[in-house]
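Q: Quick one: this structure, given as structure tokens, is what I'll be asking you about.
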Amino acid sequence: MLFNRRFFIIVFSVLFIGMIFWWQKPEAAASAMSRGEYTFNSYSLVKNYWKRLDYRQFELASEMTTLKARRDHVDLEKLLTEKPLLSIQKVSIELTTKKNIFLAKITLGSVIDKKQENDYLVNVEQTEKGWLITSINCISGE
């Protein structure tokens, strides 16, 4: 029984699972989720902002905005909380001709609601905390 192949498979499986838990500490995972690479890259900030909204992590998404952009954020949060089945199905982010202004084409939809496509102009600025969103303006849709 000591040299049974099933025994070795179980032992190696338990060993590898233990290594994964040892390697991935909860503090590292939480800090990576809340403050990832978006502080160094404006494109990543905009991409992560929409991802956090889709995951309903509104507090984390709110931390990516300045006080001036919080009103726009609250409107998006209200839209997503009023319709719990609504999800962001597609995000396309393009850099505009102006520096640090992105055009985000968002496709919203759910099982009961029809698809709606909205275009947002997202203005991003460098601060001492890293990149932050200063405004989110809906230019088409809604």
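Lettering and numbering for the structure tokens are positional, with chains as A, B, ... in the shown order, residues counted from 1 in each chain, and ligands counted from 1 in the shown order.
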Running DSSP on the backbone, which parts of segment 24-124 of chain A land in helix (DSSP H, G or I), as a PyMOL selection string?

A: chain A and resi 26-34+37-39+42-54+58-62+70-82

Q: If we count only C-alpha atoms, what is near Arg52 of chain A at a cut-off of 12 Å, once residues fewer than 4 positions away on the same chain are taken out, given as a list in words?

A: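 So, after excluding close chain neighbours, the residues are Met33, Ser34, Arg35, Gly36, Tyr38, Ser44, Leu45, Val46, Lys47, Asn48, Arg56, Gln57, Phe58, Glu59, Leu60, Ala61, Ser62, Glu63, Met64, His73, Leu76, Glu77, Leu80, Ser87 and Ile88 of chain A.
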
Q: If you measure from atom CA of Leu132 of chain A to atom CA of Thr66 of chain A, what distance in Å do you get, rounded to one decimal?

A: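 Going from atom CA of Leu132 of chain A over to atom CA of Thr66 of chain A covers 6.3 Å.
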
Q: Name the residues in contact with segment 89-101 of chain A at a cut-off of 10 Å, using only C-alpha atoms, excluding same-chain residues fewer than 5 positions from it; report them as a compact mmCIF listing (two decimals) with N, CA and C atoms, in the first residue's frame.

A:
# COMPACT_ATOMS: atom_id res chain seq x y z
N SER A 42 -2.48 54.74 -16.86
CA SER A 42 -3.82 55.33 -16.98
C SER A 42 -4.80 54.42 -17.70
N TYR A 43 -4.33 53.67 -18.69
CA TYR A 43 -5.21 52.74 -19.40
C TYR A 43 -5.71 51.65 -18.45
N SER A 44 -4.80 51.11 -17.64
CA SER A 44 -5.19 50.07 -16.69
C SER A 44 -6.17 50.59 -15.66
N VAL A 46 -8.55 52.86 -16.14
CA VAL A 46 -9.88 52.91 -16.76
C VAL A 46 -10.43 51.49 -16.92
N LYS A 47 -9.59 50.57 -17.35
CA LYS A 47 -10.02 49.18 -17.52
C LYS A 47 -10.46 48.56 -16.20
N TRP A 50 -13.97 49.89 -14.78
CA TRP A 50 -15.16 49.24 -15.32
C TRP A 50 -15.29 47.81 -14.83
N LYS A 51 -14.17 47.14 -14.62
CA LYS A 51 -14.20 45.78 -14.09
C LYS A 51 -14.75 45.78 -12.67
N ASP A 54 -18.48 46.25 -12.71
CA ASP A 54 -19.18 45.04 -13.12
C ASP A 54 -19.22 44.02 -11.99
N ILE A 106 -19.14 50.98 -23.74
CA ILE A 106 -19.63 49.99 -22.80
C ILE A 106 -20.93 49.38 -23.33
N THR A 107 -20.99 48.06 -23.32
CA THR A 107 -22.20 47.35 -23.70
C THR A 107 -22.80 46.75 -22.44
N LEU A 108 -23.99 47.22 -22.08
CA LEU A 108 -24.71 46.73 -20.91
C LEU A 108 -25.84 45.83 -21.36
N GLY A 109 -26.13 44.82 -20.57
CA GLY A 109 -27.24 43.94 -20.92
C GLY A 109 -27.49 42.92 -19.83
N SER A 110 -28.64 42.26 -19.94
CA SER A 110 -28.98 41.18 -19.02
C SER A 110 -29.95 40.26 -19.72
N LYS A 115 -29.91 44.91 -24.85
CA LYS A 115 -28.56 45.49 -24.83
C LYS A 115 -28.63 46.99 -25.07
N GLN A 116 -27.78 47.70 -24.36
CA GLN A 116 -27.64 49.12 -24.61
C GLN A 116 -26.16 49.46 -24.66
N GLU A 117 -25.82 50.26 -25.62
CA GLU A 117 -24.43 50.66 -25.78
C GLU A 117 -24.29 52.13 -25.41
N ASN A 118 -23.35 52.38 -24.51
CA ASN A 118 -23.09 53.74 -24.04
C ASN A 118 -21.63 54.08 -24.30
N ASP A 119 -21.40 55.34 -24.66
CA ASP A 119 -20.04 55.83 -24.83
C ASP A 119 -19.75 56.84 -23.72
N TYR A 120 -18.60 56.67 -23.09
CA TYR A 120 -18.20 57.55 -22.00
C TYR A 120 -16.84 58.14 -22.31
N LEU A 121 -16.70 59.44 -22.04
CA LEU A 121 -15.39 60.08 -22.07
C LEU A 121 -14.85 60.09 -20.65
N VAL A 122 -13.73 59.44 -20.46
CA VAL A 122 -13.14 59.30 -19.13
C VAL A 122 -11.84 60.11 -19.11
N ASN A 123 -11.80 61.11 -18.24
CA ASN A 123 -10.62 61.95 -18.10
C ASN A 123 -9.80 61.44 -16.91
N VAL A 124 -8.50 61.27 -17.11
CA VAL A 124 -7.61 60.71 -16.10
C VAL A 124 -6.47 61.69 -15.85
N GLU A 125 -6.09 61.86 -14.57
CA GLU A 125 -4.98 62.74 -14.24
C GLU A 125 -4.04 62.06 -13.25
N GLN A 126 -2.77 62.43 -13.32
CA GLN A 126 -1.76 61.93 -12.40
C GLN A 126 -1.81 62.73 -11.10
N TRP A 131 -2.62 57.47 -10.63
CA TRP A 131 -3.63 57.92 -11.58
C TRP A 131 -5.00 57.87 -10.94
N ILE A 133 -9.32 59.01 -11.83
CA ILE A 133 -10.32 59.47 -12.81
C ILE A 133 -10.90 60.79 -12.32
N THR A 134 -10.86 61.82 -13.18
CA THR A 134 -11.38 63.13 -12.77
C THR A 134 -12.78 63.40 -13.31
N SER A 135 -13.18 62.73 -14.40
CA SER A 135 -14.56 62.90 -14.89
C SER A 135 -14.96 61.71 -15.75
N ILE A 136 -16.25 61.41 -15.71
CA ILE A 136 -16.84 60.34 -16.53
C ILE A 136 -18.08 60.93 -17.16

Q: From a DSSP pass on the backbone, collect the residues of chain A flagged as strand (DSSP E) and hand them back as an NGL selection string.

A: :A and (87-95 or 101-109 or 116-127 or 130-140)

Q: Which value, in Å to one decimal, gives the distance between atom CA of Val111 of chain A and atom CA of Arg70 of chain A?

A: 28.9 Å

Q: Mind giving me the straight-line distance from atom CA of Leu79 of chain A to atom CA of Gly130 of chain A in Å, one decimal?

A: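 Computed distance, atom CA of Leu79 of chain A to atom CA of Gly130 of chain A, equals 27.5 Å.
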